[in-house]
file model24.cif (mmCIF, C-alpha atoms (C1' of nucleotides) and all ligand atoms)
data_input
loop_
_atom_site.label_atom_id
_atom_site.label_comp_id
_atom_site.auth_asym_id
_atom_site.auth_seq_id
_atom_site.Cartn_x
_atom_site.Cartn_y
_atom_site.Cartn_z
CA MET A 115 0.00 0.00 0.00
CA THR A 116 1.30 3.40 -0.92
CA THR A 117 1.77 5.51 2.13
CA TYR A 118 2.65 8.85 0.67
CA ALA A 119 -0.68 9.45 -1.01
CA LYS A 120 -2.22 11.25 1.95
CA PRO A 121 0.42 13.04 3.98
CA SER A 122 -0.37 13.93 7.56
CA GLN A 123 -2.83 16.77 7.73
CA GLN A 124 -1.98 17.37 11.38
CA SER A 125 0.19 20.42 10.81
CA SER A 126 -0.56 22.63 13.79
CA GLY A 127 -4.23 21.95 13.28
CA HIS A 128 -4.69 24.20 10.27
CA ASN A 129 -6.65 23.51 7.14
CA HIS A 130 -3.90 22.39 4.87
CA SER A 131 -5.79 22.22 1.60
CA GLU A 132 -6.57 25.90 1.97
CA CYS A 133 -2.98 26.49 2.94
CA VAL A 134 -1.82 24.79 -0.26
CA SER A 135 -4.24 26.46 -2.62
CA GLU A 136 -3.27 29.81 -1.19
CA ALA A 137 0.38 29.04 -1.78
CA LEU A 138 -0.32 27.99 -5.35
CA ILE A 139 -2.43 31.00 -6.15
CA THR A 140 0.22 33.30 -4.72
CA ALA A 141 2.85 31.52 -6.80
CA GLU A 142 0.80 31.86 -9.97
CA HIS A 143 0.32 35.51 -9.25
CA LEU A 144 3.97 36.24 -8.56
CA CYS A 145 5.18 34.39 -11.63
CA PHE A 146 2.69 36.20 -13.83
CA GLU A 147 3.75 39.57 -12.47
CA ARG A 148 7.40 38.74 -12.92
CA GLY A 149 6.82 37.51 -16.45
CA VAL A 150 8.25 34.08 -15.69
CA GLN A 151 6.59 30.83 -16.58
CA LEU A 152 5.11 28.63 -13.89
CA THR A 153 4.86 25.79 -16.40
CA PRO A 154 2.72 22.70 -15.72
CA ILE A 155 5.78 20.76 -14.55
CA ARG A 156 6.93 23.53 -12.21
CA HIS A 157 3.41 23.99 -10.94
CA LYS A 158 3.03 20.29 -10.26
CA VAL A 159 6.36 20.06 -8.46
CA LEU A 160 5.40 23.01 -6.29
CA GLU A 161 2.10 21.33 -5.53
CA LEU A 162 3.88 18.08 -4.62
CA ILE A 163 6.19 19.94 -2.27
CA TRP A 164 3.19 21.52 -0.63
CA GLU A 165 1.51 18.19 0.01
CA SER A 166 2.77 18.57 3.55
CA HIS A 167 4.94 20.86 5.61
CA LYS A 168 7.65 18.25 5.68
CA ALA A 169 10.88 18.69 3.79
CA VAL A 170 10.78 16.50 0.71
CA LYS A 171 13.65 14.93 -1.22
CA ALA A 172 14.28 15.42 -4.92
CA TYR A 173 13.97 11.75 -5.82
CA GLU A 174 10.82 11.43 -3.74
CA LEU A 175 9.38 14.20 -5.88
CA LEU A 176 10.59 12.40 -8.98
CA ASP A 177 8.77 9.23 -7.94
CA ARG A 178 5.59 11.18 -7.38
CA LEU A 179 5.90 13.13 -10.58
CA LYS A 180 6.57 10.15 -12.84
CA PRO A 181 3.01 8.80 -12.94
CA LEU A 182 1.86 12.21 -14.14
CA GLN A 183 4.82 13.05 -16.33
CA GLN A 184 6.04 10.01 -18.19
CA ALA A 185 9.32 11.62 -19.23
CA ALA A 186 10.32 12.82 -15.77
CA LYS A 187 14.02 12.33 -15.03
CA PRO A 188 16.32 13.75 -12.35
CA ALA A 189 17.02 16.80 -14.50
CA THR A 190 13.29 17.46 -14.75
CA ILE A 191 13.03 17.76 -10.99
CA TYR A 192 16.23 19.63 -10.38
CA ARG A 193 15.37 22.19 -13.03
CA ALA A 194 11.95 22.75 -11.52
CA LEU A 195 13.52 23.04 -8.07
CA ASP A 196 16.09 25.55 -9.33
CA PHE A 197 13.33 27.65 -10.77
CA LEU A 198 11.19 27.51 -7.64
CA ILE A 199 14.13 28.44 -5.43
CA GLU A 200 15.10 31.32 -7.70
CA GLN A 201 11.58 32.64 -7.46
CA GLY A 202 11.62 32.27 -3.69
CA LEU A 203 8.70 29.84 -3.76
CA ILE A 204 10.50 27.07 -1.90
CA HIS A 205 13.50 26.73 0.36
CA ARG A 206 16.28 24.23 0.12
CA VAL A 207 16.93 22.66 3.52
CA GLU A 208 20.69 22.33 3.36
CA SER A 209 21.06 20.02 6.32
CA LEU A 210 18.60 17.52 4.83
CA ASN A 211 19.23 17.86 1.10
CA ALA A 212 15.54 18.46 0.86
CA PHE A 213 13.00 21.09 -0.04
CA VAL A 214 10.08 22.78 1.61
CA GLY A 215 7.39 25.24 0.53
CA CYS A 216 7.95 28.85 1.48
CA HIS A 217 5.22 30.68 3.33
CA CYS A 218 6.36 34.22 2.80
CA SER A 219 6.67 33.67 -0.93
CA GLY A 220 8.54 36.75 -1.95
CA HIS A 221 12.00 37.04 -3.26
CA GLN A 222 15.18 36.20 -1.36
CA HIS A 223 14.09 36.72 2.21
CA GLU A 224 15.71 35.67 5.41
CA GLN A 225 14.66 32.38 6.86
CA LEU A 226 14.91 30.49 10.10
CA LEU A 227 13.87 26.89 9.83
CA LEU A 228 12.79 24.77 12.78
CA ILE A 229 13.08 21.17 11.67
CA CYS A 230 11.43 18.46 13.74
CA LYS A 231 13.21 15.12 13.73
CA HIS A 232 10.08 13.40 14.88
CA CYS A 233 7.45 14.53 12.39
CA GLN A 234 9.87 16.01 9.82
CA GLU A 235 7.81 19.16 9.59
CA VAL A 236 9.61 22.41 8.98
CA GLU A 237 8.43 25.63 10.53
CA GLU A 238 9.61 28.86 8.97
CA ARG A 239 9.98 31.90 11.19
CA SER A 240 10.99 35.41 10.30
CA ALA A 241 12.84 35.84 13.61
CA LYS A 242 13.38 39.56 13.34
CA GLU A 243 15.55 39.88 16.43
CA VAL A 244 17.80 37.07 15.31
CA MET A 245 18.18 38.53 11.85
CA LEU A 246 19.01 41.91 13.30
CA ALA A 247 21.69 40.52 15.57
CA LEU A 248 22.96 38.49 12.65
CA SER A 249 23.26 41.50 10.35
CA ASP A 250 25.17 43.23 13.09
CA GLU A 251 27.56 40.34 13.58
CA ILE A 252 28.16 40.05 9.86
CA LYS A 253 28.82 43.75 9.53
CA GLN A 254 31.33 43.53 12.36
CA ALA A 255 33.08 40.77 10.48
CA GLY A 256 33.23 42.94 7.38
CA PHE A 257 31.53 40.19 5.41
CA ILE A 258 29.29 40.72 2.38
CA VAL A 259 26.28 38.39 2.49
CA HIS A 260 24.84 36.56 -0.48
CA SER A 261 22.70 34.05 1.32
CA LYS A 262 21.89 32.76 4.77
CA ALA A 263 20.85 29.37 6.06
CA ILE A 264 19.72 29.04 9.64
CA GLU A 265 18.55 25.54 10.38
CA ILE A 266 17.60 24.30 13.82
CA HIS A 267 17.03 20.61 14.42
CA GLY A 268 15.06 19.26 17.32
CA VAL A 269 11.54 18.42 18.41
CA CYS A 270 8.56 20.64 17.65
CA SER A 271 6.02 21.65 20.27
CA THR A 272 3.36 19.36 18.83
CA CYS A 273 5.56 16.29 18.98
CA GLN A 274 6.70 17.07 22.50
CA LYS A 275 3.14 16.52 23.67
CA MET A 276 2.90 13.11 22.12
CA PRO A 277 3.48 10.04 24.28
CA GLY A 278 6.78 8.29 23.69
CA VAL A 279 8.45 11.31 22.12
CA PRO A 280 10.95 12.73 24.56
CA GLY A 281 12.69 15.96 23.66
CA ASP A 282 16.12 14.53 24.18
CA ARG A 283 18.32 12.65 21.79
CA GLU A 284 17.50 9.00 21.40
CA MET B 23 56.63 16.13 8.46
CA THR B 24 54.50 15.86 5.34
CA THR B 25 53.90 19.04 3.41
CA TYR B 26 52.34 18.36 0.01
CA ALA B 27 49.65 20.43 -1.68
CA LYS B 28 50.81 23.72 -0.13
CA PRO B 29 47.40 25.18 0.57
CA SER B 30 47.04 28.94 0.70
CA GLN B 31 48.72 30.30 3.78
CA GLN B 32 47.00 33.67 3.37
CA SER B 33 44.36 33.13 6.05
CA SER B 34 43.97 36.49 7.68
CA GLY B 35 47.73 36.75 7.81
CA HIS B 36 48.23 34.38 10.73
CA ASN B 37 50.88 31.73 11.12
CA HIS B 38 48.95 28.72 10.03
CA SER B 39 51.41 25.99 10.94
CA GLU B 40 51.24 27.18 14.54
CA CYS B 41 47.48 27.36 14.21
CA VAL B 42 47.38 23.73 13.06
CA SER B 43 49.77 22.33 15.62
CA GLU B 44 47.78 24.04 18.33
CA ALA B 45 44.59 22.48 17.04
CA LEU B 46 46.18 19.05 16.91
CA ILE B 47 47.65 19.30 20.39
CA THR B 48 44.31 20.42 21.77
CA ALA B 49 42.64 17.52 20.02
CA GLU B 50 45.11 15.00 21.40
CA HIS B 51 44.60 16.44 24.84
CA LEU B 52 40.82 16.37 24.70
CA CYS B 53 40.68 12.84 23.38
CA PHE B 54 43.04 11.62 26.04
CA GLU B 55 40.99 13.25 28.78
CA ARG B 56 37.80 11.81 27.39
CA GLY B 57 39.28 8.36 27.09
CA VAL B 58 38.59 8.16 23.38
CA GLN B 59 41.11 7.16 20.76
CA LEU B 60 42.50 9.70 18.35
CA THR B 61 43.91 6.88 16.24
CA PRO B 62 46.53 7.52 13.54
CA ILE B 63 43.84 7.59 10.84
CA ARG B 64 41.66 10.01 12.76
CA HIS B 65 44.64 12.15 13.59
CA LYS B 66 45.76 12.26 9.99
CA VAL B 67 42.27 13.15 8.72
CA LEU B 68 42.09 15.95 11.27
CA GLU B 69 45.48 17.17 10.11
CA LEU B 70 44.37 17.07 6.48
CA ILE B 71 41.28 19.09 7.31
CA TRP B 72 43.45 21.64 9.04
CA GLU B 73 45.73 22.08 6.02
CA SER B 74 43.74 25.22 5.38
CA HIS B 75 40.73 27.08 6.71
CA LYS B 76 38.76 26.06 3.68
CA ALA B 77 35.94 23.58 3.89
CA VAL B 78 37.13 20.28 2.49
CA LYS B 79 35.13 17.50 0.85
CA ALA B 80 35.12 13.89 2.02
CA TYR B 81 36.44 12.47 -1.23
CA GLU B 82 39.11 15.15 -1.39
CA LEU B 83 40.27 13.92 2.00
CA LEU B 84 40.12 10.38 0.71
CA ASP B 85 42.39 11.24 -2.20
CA ARG B 86 44.87 12.87 0.14
CA LEU B 87 44.75 10.06 2.65
CA LYS B 88 45.23 7.24 0.14
CA PRO B 89 48.96 7.75 -0.45
CA LEU B 90 49.49 7.44 3.30
CA GLN B 91 46.90 4.80 4.03
CA GLN B 92 46.80 2.22 1.28
CA ALA B 93 43.52 0.73 2.44
CA ALA B 94 41.60 3.99 2.64
CA LYS B 95 38.05 3.75 1.29
CA PRO B 96 35.01 6.02 1.66
CA ALA B 97 34.06 4.31 4.89
CA THR B 98 37.50 5.06 6.30
CA ILE B 99 36.97 8.78 5.81
CA TYR B 100 33.34 8.91 6.86
CA ARG B 101 34.08 7.03 10.05
CA ALA B 102 36.91 9.37 10.91
CA LEU B 103 34.68 12.35 10.14
CA ASP B 104 31.90 10.96 12.32
CA PHE B 105 34.32 10.60 15.18
CA LEU B 106 35.77 14.08 14.77
CA ILE B 107 32.34 15.66 14.62
CA GLU B 108 31.18 13.74 17.67
CA GLN B 109 34.19 15.02 19.56
CA GLY B 110 33.50 18.55 18.38
CA LEU B 111 36.86 18.77 16.63
CA ILE B 112 35.43 19.65 13.24
CA HIS B 113 32.21 21.06 11.84
CA ARG B 114 30.21 19.75 8.97
CA VAL B 115 29.30 22.58 6.63
CA GLU B 116 25.82 21.51 5.62
CA SER B 117 25.43 23.85 2.70
CA LEU B 118 28.64 22.56 1.09
CA ASN B 119 28.68 18.92 2.11
CA ALA B 120 32.10 19.63 3.44
CA PHE B 121 34.09 19.82 6.64
CA VAL B 122 36.16 22.38 8.45
CA GLY B 123 38.35 22.39 11.55
CA CYS B 124 36.80 23.77 14.69
CA HIS B 125 38.63 26.50 16.59
CA CYS B 126 36.81 26.33 19.85
CA SER B 127 37.35 22.61 20.08
CA GLY B 128 35.04 21.72 22.87
CA HIS B 129 31.92 19.69 22.78
CA GLN B 130 28.74 20.62 20.92
CA HIS B 131 28.98 24.38 20.89
CA GLU B 132 27.06 26.89 18.89
CA GLN B 133 28.55 27.99 15.63
CA LEU B 134 28.13 30.70 13.05
CA LEU B 135 30.02 30.07 9.86
CA LEU B 136 30.97 32.77 7.40
CA ILE B 137 31.75 31.03 4.14
CA CYS B 138 33.56 32.95 1.41
CA LYS B 139 32.65 31.96 -2.12
CA HIS B 140 35.80 33.49 -3.42
CA CYS B 141 38.53 31.90 -1.29
CA GLN B 142 36.37 29.13 0.22
CA GLU B 143 37.66 29.93 3.68
CA VAL B 144 35.28 29.49 6.59
CA GLU B 145 35.38 31.78 9.55
CA GLU B 146 33.78 30.56 12.75
CA ARG B 147 32.31 33.12 15.11
CA SER B 148 30.70 32.63 18.48
CA ALA B 149 28.20 35.44 17.82
CA LYS B 150 26.87 35.70 21.35
CA GLU B 151 24.15 38.21 20.56
CA VAL B 152 22.87 36.13 17.69
CA MET B 153 22.81 32.98 19.77
CA LEU B 154 20.96 34.75 22.53
CA ALA B 155 18.31 36.07 20.19
CA LEU B 156 18.11 32.64 18.63
CA SER B 157 17.56 30.86 21.95
CA ASP B 158 14.82 33.33 22.66
CA GLU B 159 13.13 32.77 19.32
CA ILE B 160 13.33 29.02 19.75
CA LYS B 161 11.91 29.18 23.24
CA GLN B 162 9.02 31.26 21.94
CA ALA B 163 8.34 28.58 19.36
CA GLY B 164 8.28 25.96 22.09
CA PHE B 165 10.91 23.99 20.21
CA ILE B 166 13.51 21.70 21.80
CA VAL B 167 16.90 22.10 20.12
CA HIS B 168 19.27 19.29 19.30
CA SER B 169 21.56 21.10 16.90
CA LYS B 170 21.96 24.36 15.07
CA ALA B 171 23.50 25.26 11.75
CA ILE B 172 23.99 28.90 10.86
CA GLU B 173 25.77 29.27 7.57
CA ILE B 174 26.31 32.57 5.82
CA HIS B 175 27.58 32.64 2.27
CA GLY B 176 29.23 35.65 0.72
CA VAL B 177 32.58 37.37 0.35
CA CYS B 178 35.04 37.73 3.20
CA SER B 179 36.73 41.00 4.07
CA THR B 180 40.08 39.86 2.71
CA CYS B 181 38.67 38.96 -0.69
CA GLN B 182 36.72 42.20 -0.92
CA LYS B 183 40.01 44.06 -1.02
CA MET B 184 41.33 42.05 -3.91
CA PRO B 185 41.09 43.47 -7.43
CA GLY B 186 38.48 41.82 -9.62
CA VAL B 187 36.50 40.46 -6.70
CA PRO B 188 33.32 42.45 -6.33
CA GLY B 189 31.08 41.73 -3.39
CA ASP B 190 28.05 41.20 -5.52
CA ARG B 191 26.85 38.08 -7.27
CA GLU B 192 28.60 37.35 -10.52
"C1'" DA C 172 44.08 -16.51 28.13
"C1'" DG C 173 39.52 -15.94 26.70
"C1'" DA C 174 35.71 -12.79 26.23
"C1'" DT C 175 34.18 -8.38 24.81
"C1'" DT C 176 34.28 -4.14 22.57
"C1'" DA C 177 36.31 -0.86 19.33
"C1'" DA C 178 38.42 0.10 15.06
"C1'" DT C 179 39.46 -0.92 10.49
"C1'" DG C 180 39.22 -3.58 6.00
"C1'" DT C 181 36.44 -4.72 2.09
"C1'" DT C 182 32.79 -5.05 -1.26
"C1'" DA C 183 28.79 -3.40 -2.90
"C1'" DT C 184 25.34 -0.18 -3.65
"C1'" DA C 185 22.21 3.71 -2.38
"C1'" DA C 186 21.18 8.52 -2.71
"C1'" DT C 187 22.04 13.04 -4.48
"C1'" DA C 188 23.25 15.98 -8.33
"C1'" DT C 189 25.10 17.70 -12.80
"C1'" DA C 190 26.91 17.72 -17.69
"C1'" DA C 191 26.09 17.65 -22.40
"C1'" DC C 192 23.58 17.60 -26.29
"C1'" DA C 193 18.95 16.93 -28.85
"C1'" DT C 194 14.30 18.37 -29.39
"C1'" DT C 195 10.23 21.03 -28.76
"C1'" DA C 196 7.70 25.19 -27.37
"C1'" DA C 197 7.32 30.14 -26.61
"C1'" DT C 198 8.56 34.74 -27.75
"C1'" DC C 199 10.43 38.33 -30.48
"C1'" DC C 200 10.93 41.09 -34.49
"C1'" DG C 201 10.77 42.37 -39.23
"C1'" DC D 263 2.85 35.80 -40.95
"C1'" DG D 264 7.61 33.46 -40.91
"C1'" DG D 265 12.19 33.05 -39.63
"C1'" DA D 266 15.31 33.96 -35.72
"C1'" DT D 267 16.07 33.64 -30.95
"C1'" DT D 268 15.41 32.20 -26.44
"C1'" DA D 269 13.33 29.21 -22.98
"C1'" DA D 270 11.90 24.80 -21.55
"C1'" DT D 271 12.00 20.02 -21.76
"C1'" DG D 272 13.75 15.35 -23.30
"C1'" DT D 273 17.41 12.07 -23.01
"C1'" DT D 274 21.62 9.69 -21.93
"C1'" DA D 275 25.37 9.35 -19.28
"C1'" DT D 276 28.05 10.07 -15.37
"C1'" DA D 277 29.83 12.57 -11.26
"C1'" DT D 278 29.49 13.19 -6.37
"C1'" DT D 279 28.20 12.10 -1.75
"C1'" DA D 280 27.10 8.60 1.60
"C1'" DT D 281 25.80 4.17 3.78
"C1'" DA D 282 25.00 -0.94 4.47
"C1'" DA D 283 26.73 -5.24 5.60
"C1'" DC D 284 29.88 -8.38 6.91
"C1'" DA D 285 34.93 -9.86 7.72
"C1'" DT D 286 39.13 -9.03 10.13
"C1'" DT D 287 42.25 -7.04 13.33
"C1'" DA D 288 43.43 -4.47 17.50
"C1'" DA D 289 42.53 -2.86 22.17
"C1'" DT D 290 40.54 -3.51 26.64
"C1'" DC D 291 38.63 -6.02 30.42
"C1'" DT D 292 38.37 -9.76 33.91
ZN ZN E 301 -0.39 23.90 5.54
ZN ZN E 302 7.28 17.35 15.19
ZN ZN E 303 45.14 28.80 10.67
ZN ZN E 304 37.49 35.11 0.85
#

call {"tool": "encode", "arguments": {"input": "model24.cif", "output": "structure tokens"}}
result
Amino acid sequence: MTTYAKPSQQSSGHNHSECVSEALITAEHLCFERGVQLTPIRHKVLELIWESHKAVKAYELLDRLKPLQQAAKPATIYRALDFLIEQGLIHRVESLNAFVGCHCSGHQHEQLLLICKHCQEVEERSAKEVMLALSDEIKQAGFIVHSKAIEIHGVCSTCQKMPGVPGDRE
Amino acid sequence: MTTYAKPSQQSSGHNHSECVSEALITAEHLCFERGVQLTPIRHKVLELIWESHKAVKAYELLDRLKPLQQAAKPATIYRALDFLIEQGLIHRVESLNAFVGCHCSGHQHEQLLLICKHCQEVEERSAKEVMLALSDEIKQAGFIVHSKAIEIHGVCSTCQKMPGVPGDRE
DNA sequence: AGATTAATGTTATAATATAACATTAATCCG
DNA sequence: CGGATTAATGTTATATTATAACATTAATCT
């Protein structure tokens, strides 16, 4: 039995289908305004990433795309991912070699990712104070920033409440 | 003493051979105190990582280790790396799939890495203010931390001064 | 010495990612 | 419109990064 068909809808108790359709509509909008093409493949990949709030792997996406796109190959996925990242529609989670939908779908914004090792969900936070302190630190170092990755691994508040899921390392 | 490769000694103008021998002595000390074995292979891999302040790839290390360790295979390197990371003697740079020597060689400390795309050198900073703000943000999110990765890509102050190396994206 | 654990050797393969070139589709411009 | 140009996708091959599984050797313990 395929288990990835219906990913957990638990995500902090919100209505995820609304959450997804919002993300897709926003993406369509942004791409239109920017005069870039959210082609069917790119759109589908974005939709697949948004199936849950978990970080998803490139080859997992490939497996899911294949039934819908006969010709799908690694390059198909990686090109779509490149595009989506460029447009700020998804984030690459460096510490997982995986990808996650971006909530604040604009261009090139700061990001703090809270990654749960229990449920694999990724929460994105703007973390203004952190970013401020960070800018300061970087300025002090005389460094010119191109991109930032702030990735925190641990156990999310939801999973902490579940029985048999201690917050400490196993 | 082996001295092939001759990696760039530029690193912020410091005496890097002293820098390395210090790191190695500290490592030997720590391992002894902890009752863990800094075996010849592990020691050599650590030394190879410390050849420069650049992040170095696993298979690059493998290539450099082979002449000295006939039997070296991927597993040889990855096991040594696992050990060194566990002991807090090196950091894994998630966004590069690479490894870099740790200055503040203790156990499991916070880290902010400034990664230069021009010279590939990685500067580690304790960034107290950032870490404080970060702890706060994480607490607010009700998240339990296991590990943090803060990786900033850009151009270091040294490279900014060099001709033909603009700070902006190429 | 014999048992136990830790480290390394060895072979194979999994998982992630890109290069290079061919083909098709979209857009531009006269 | 029709040819030129650019953008997107198809296709094949391969590079890069990482782990699994089991055998052997070395270190440590009693
Ligand atoms: Zn949602
Ligand atoms: Zn969770
Ligand atoms: Zn140095
Ligand atoms: Zn530099």

call {"tool": "atom_distance", "arguments": {"input": "model24.cif", "atom1": "CA of Lys150 (chain B)", "atom2": "CA of His260 (chain A)"}}
result
21.9 Å

call {"tool": "interface_residues", "arguments": {"input": "model24.cif", "of": "chain A", "to": "chain D", "cutoff": "12 Å", "atoms": "only C-alpha atoms (C1' of nucleotides)", "output": "NGL selection string"}}
result
:A and (150-156 or 183-191 or 193-194 or 197 or 211)

call {"tool": "atom_distance", "arguments": {"input": "model24.cif", "atom1": "CA of Leu83 (chain B)", "atom2": "CA of Ile71 (chain B)"}}
result
7.5 Å

call {"tool": "atom_distance", "arguments": {"input": "model24.cif", "atom1": "CA of Arg86 (chain B)", "atom2": "CA of Glu132 (chain B)"}}
result
29.4 Å

call {"tool": "interface_residues", "arguments": {"input": "model24.cif", "of": "chain B", "to": "chain A", "cutoff": "6 Å", "atoms": "all atoms listed in the file", "output": "list in words"}}
result
Glu116, Ser117, Val152, Ala155, Leu156, Gly164, Phe165, Ile166, Val167, His168, Ser169, Lys170, Ala171, Ile172, Glu173, Ile174, His175, Gly176, Val177, Cys178 and Ser179 of chain B

call {"tool": "write_last_selection", "arguments": {"input": "model24.cif", "atoms": "C-alpha atoms", "output": "PDB file, in the coordinates of the input"}}
result
ATOM      1  CA  GLU B 116      25.820  21.510   5.620  1.00  0.00           C
ATOM      2  CA  SER B 117      25.430  23.850   2.700  1.00  0.00           C
ATOM      3  CA  VAL B 152      22.870  36.130  17.690  1.00  0.00           C
ATOM      4  CA  ALA B 155      18.310  36.070  20.190  1.00  0.00           C
ATOM      5  CA  LEU B 156      18.110  32.640  18.630  1.00  0.00           C
ATOM      6  CA  GLY B 164       8.280  25.960  22.090  1.00  0.00           C
ATOM      7  CA  PHE B 165      10.910  23.990  20.210  1.00  0.00           C
ATOM      8  CA  ILE B 166      13.510  21.700  21.800  1.00  0.00           C
ATOM      9  CA  VAL B 167      16.900  22.100  20.120  1.00  0.00           C
ATOM     10  CA  HIS B 168      19.270  19.290  19.300  1.00  0.00           C
ATOM     11  CA  SER B 169      21.560  21.100  16.900  1.00  0.00           C
ATOM     12  CA  LYS B 170      21.960  24.360  15.070  1.00  0.00           C
ATOM     13  CA  ALA B 171      23.500  25.260  11.750  1.00  0.00           C
ATOM     14  CA  ILE B 172      23.990  28.900  10.860  1.00  0.00           C
ATOM     15  CA  GLU B 173      25.770  29.270   7.570  1.00  0.00           C
ATOM     16  CA  ILE B 174      26.310  32.570   5.820  1.00  0.00           C
ATOM     17  CA  HIS B 175      27.580  32.640   2.270  1.00  0.00           C
ATOM     18  CA  GLY B 176      29.230  35.650   0.720  1.00  0.00           C
ATOM     19  CA  VAL B 177      32.580  37.370   0.350  1.00  0.00           C
ATOM     20  CA  CYS B 178      35.040  37.730   3.200  1.00  0.00           C
ATOM     21  CA  SER B 179      36.730  41.000   4.070  1.00  0.00           C
TER      22      SER B 179
END

call {"tool": "closest_atom_pairs", "arguments": {"input": "model24.cif", "of": "chain B", "to": "ligand ZN 303 (chain E)", "cutoff": "8 Å", "atoms": "all atoms listed in the file", "output": "JSON lines"}}
result
{"residue": "B:Gln31", "atom": "CA", "partner": "E:ZN303", "partner_atom": "ZN", "distance": 7.9}
{"residue": "B:Ser33", "atom": "CA", "partner": "E:ZN303", "partner_atom": "ZN", "distance": 6.4}
{"residue": "B:His36", "atom": "CA", "partner": "E:ZN303", "partner_atom": "ZN", "distance": 6.4}
{"residue": "B:Asn37", "atom": "CA", "partner": "E:ZN303", "partner_atom": "ZN", "distance": 6.5}
{"residue": "B:His38", "atom": "CA", "partner": "E:ZN303", "partner_atom": "ZN", "distance": 3.9}
{"residue": "B:Ser39", "atom": "CA", "partner": "E:ZN303", "partner_atom": "ZN", "distance": 6.9}
{"residue": "B:Glu40", "atom": "CA", "partner": "E:ZN303", "partner_atom": "ZN", "distance": 7.4}
{"residue": "B:Cys41", "atom": "CA", "partner": "E:ZN303", "partner_atom": "ZN", "distance": 4.5}
{"residue": "B:Val42", "atom": "CA", "partner": "E:ZN303", "partner_atom": "ZN", "distance": 6.0}
{"residue": "B:Trp72", "atom": "CA", "partner": "E:ZN303", "partner_atom": "ZN", "distance": 7.5}
{"residue": "B:Ser74", "atom": "CA", "partner": "E:ZN303", "partner_atom": "ZN", "distance": 6.5}
{"residue": "B:His75", "atom": "CA", "partner": "E:ZN303", "partner_atom": "ZN", "distance": 6.2}

call {"tool": "interface_residues", "arguments": {"input": "model24.cif", "of": "chain C", "to": "chain A", "cutoff": "10 Å", "atoms": "only C-alpha atoms (C1' of nucleotides)", "output": "list in words"}}
result
DA186, DT187, DA188 and DT189 of chain C

call {"tool": "residues_around", "arguments": {"input": "model24.cif", "residues": "Leu203 (chain A)", "least_positions_apart": "3", "cutoff": "12 Å", "atoms": "only C-alpha atoms (C1' of nucleotides)", "output": "NGL selection string"}}
result
:A and (137-145 or 152 or 156-157 or 159-161 or 163-164 or 194-200 or 206 or 213-223)

call {"tool": "closest_residue", "arguments": {"input": "model24.cif", "among": "A:Glu174, A:Met276, A:Gln254, A:Gln234", "to": "ligand ZN 302 (chain E)", "atoms": "only C-alpha atoms and all ligand atoms"}}
result
A:Gln234

call {"tool": "decode", "arguments": {"input": "model24.cif", "residues": "region 263-271 of chain D", "atoms": "N, CA, C and O atoms (P, O5', C5', C4', C3', O3' and C1' of nucleotides)", "output": "short mmCIF file (atom, residue, chain, number, x, y, z; two decimals), in the first residue's frame"}}
result
data_model
loop_
_atom_site.label_atom_id
_atom_site.label_comp_id
_atom_site.auth_asym_id
_atom_site.auth_seq_id
_atom_site.Cartn_x
_atom_site.Cartn_y
_atom_site.Cartn_z
P DC D 263 0.14 33.65 -38.62
"O5'" DC D 263 0.17 33.01 -40.06
"C5'" DC D 263 -0.17 33.90 -41.17
"C4'" DC D 263 1.07 34.51 -41.73
"C3'" DC D 263 2.28 33.57 -41.69
"O3'" DC D 263 2.66 33.27 -43.02
"C1'" DC D 263 2.85 35.80 -40.95
P DG D 264 3.53 31.94 -43.29
"O5'" DG D 264 5.00 32.40 -42.93
"C5'" DG D 264 5.70 33.34 -43.74
"C4'" DG D 264 7.10 33.46 -43.20
"C3'" DG D 264 7.73 32.11 -42.83
"O3'" DG D 264 9.11 32.19 -43.11
"C1'" DG D 264 7.61 33.46 -40.91
P DG D 265 9.94 30.84 -43.28
"O5'" DG D 265 11.37 31.27 -42.71
"C5'" DG D 265 11.95 32.52 -43.11
"C4'" DG D 265 12.67 33.12 -41.91
"C3'" DG D 265 13.66 32.15 -41.26
"O3'" DG D 265 14.90 32.84 -41.10
"C1'" DG D 265 12.19 33.05 -39.63
P DA D 266 16.10 32.18 -40.35
"O5'" DA D 266 16.04 33.02 -39.01
"C5'" DA D 266 16.22 34.43 -39.03
"C4'" DA D 266 16.31 34.95 -37.61
"C3'" DA D 266 17.42 34.28 -36.77
"O3'" DA D 266 18.05 35.29 -36.00
"C1'" DA D 266 15.31 33.96 -35.72
P DT D 267 19.30 34.92 -35.07
"O5'" DT D 267 18.59 34.76 -33.65
"C5'" DT D 267 17.82 35.86 -33.12
"C4'" DT D 267 17.20 35.46 -31.80
"C3'" DT D 267 18.18 34.73 -30.86
"O3'" DT D 267 18.27 35.47 -29.66
"C1'" DT D 267 16.07 33.64 -30.95
P DT D 268 19.23 35.04 -28.51
"O5'" DT D 268 18.19 34.50 -27.43
"C5'" DT D 268 17.02 35.28 -27.13
"C4'" DT D 268 16.05 34.42 -26.34
"C3'" DT D 268 16.70 33.72 -25.15
"O3'" DT D 268 15.93 34.05 -23.99
"C1'" DT D 268 15.41 32.20 -26.44
P DA D 269 16.22 33.38 -22.59
"O5'" DA D 269 15.08 32.27 -22.51
"C5'" DA D 269 13.72 32.64 -22.67
"C4'" DA D 269 12.85 31.43 -22.39
"C3'" DA D 269 13.25 30.68 -21.12
"O3'" DA D 269 12.03 30.36 -20.46
"C1'" DA D 269 13.33 29.21 -22.98
P DA D 270 12.02 29.54 -19.12
"O5'" DA D 270 11.73 28.06 -19.61
"C5'" DA D 270 10.47 27.78 -20.22
"C4'" DA D 270 10.44 26.33 -20.63
"C3'" DA D 270 10.77 25.34 -19.52
"O3'" DA D 270 9.60 24.57 -19.29
"C1'" DA D 270 11.90 24.80 -21.55
P DT D 271 9.62 23.29 -18.35
"O5'" DT D 271 10.06 22.11 -19.33
"C5'" DT D 271 9.22 21.77 -20.42
"C4'" DT D 271 9.87 20.67 -21.22
"C3'" DT D 271 10.15 19.39 -20.42
"O3'" DT D 271 9.43 18.35 -21.05
"C1'" DT D 271 12.00 20.02 -21.76
#
